[in-house]
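Peer 1: Quick one: this structure, given as structure tokens, is what I'll be asking you about.
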Amino acid sequence: SQTIHQWPATLVQPVGSPLSLECTVEGTSNPNLYWYRQAAGRGLQLLFYSVGIGQISSEVPQNLSASRPQDRQFILSSKKLLLSDSGFYLCAWSTTGTEAFFGQGTRLTVV
Amino acid sequence: TQLLEQSPQFLSIQEGENLTVYCNSSSVFSSLQWYRQEPGEGPVLLVTVVTGGEVKKLKRLTFQFGDARKDSSLHITAAQPGDTGLYLCGGATNKLIFGTGTLLAVQP
């Protein structure tokens, strides 16, 4: 069966520090991968998606970036965090392009 | 820009009441999905509706896809505290987008 791992679960980082969130998927090949950010009690904002290794589409201009170095690995990064980067970050995969399966999320607090 | 608007944004009801949540768009979708999310966790897929006018039932939850495939509704019968959570609709073209969310609280 397919599983998705996302870590860390919580993170507190100072303003200006770098960020690296990692997501890996098991049990499937060539999935579409997605990074979303969510404000409390609200919908999901699509940040990046990838249909293959090295292929990244950015949805929102910001100081975040994403990379897909391996088929089932998706990384969200920042060189210098801003206070406004705080939020709940979710990684998801899909093979159908319609139904998404999510990781447990990372609660990022920038202080 | 394709948007999925959900209403209401917040809903607080008593156990045993019925409720309906709506998901609307100006765009046509080949399918729409409904998810439920609990605090601190990722959304979990509940159902996919594909055909215009389609109705699917999942225990006390009834999902309907609009005839024009631009909207969907989720109806919960006799809500229970375990139904509490954030309900999200989702749709796809070349990417997956999600609705604005409906936060449901069912009071015992």
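As shown in the structure tokens, the chain order sets the letters A, B, ...; within each chain, residues go from 1, and ligands are also counted from 1 in the order they appear.
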Extract the full set of strand (DSSP E) residues from chain A according to DSSP on the backbone, and format it as a VMD selection string.
Peer 2: chain A and resid 3 to 7 10 to 13 19 to 26 32 to 38 44 to 52 55 to 58 64 to 70 73 to 78 87 to 94 101 to 102 106 to 110
Peer 1: Output as a VMD selection string the set of chain A residues within 12 Å of chain B, with distances taken over only C-alpha atoms.
Peer 2: chain A and resid 4 to 6 9 to 10 32 to 51 56 to 59 87 to 108
Peer 1: List the neighbours of Leu19 of chain B out to 7 Å using only C-alpha atoms; skip same-chain residues closer than 5 positions along the sequence, and give me the result as number ranges by chain.
Peer 2: B: 75-77
Peer 1: In Å, rounded to a single decimal, give me how far atom CA of Phe65 of chain B is from atom CA of Val106 of chain B.
Peer 2: 24.6 Å
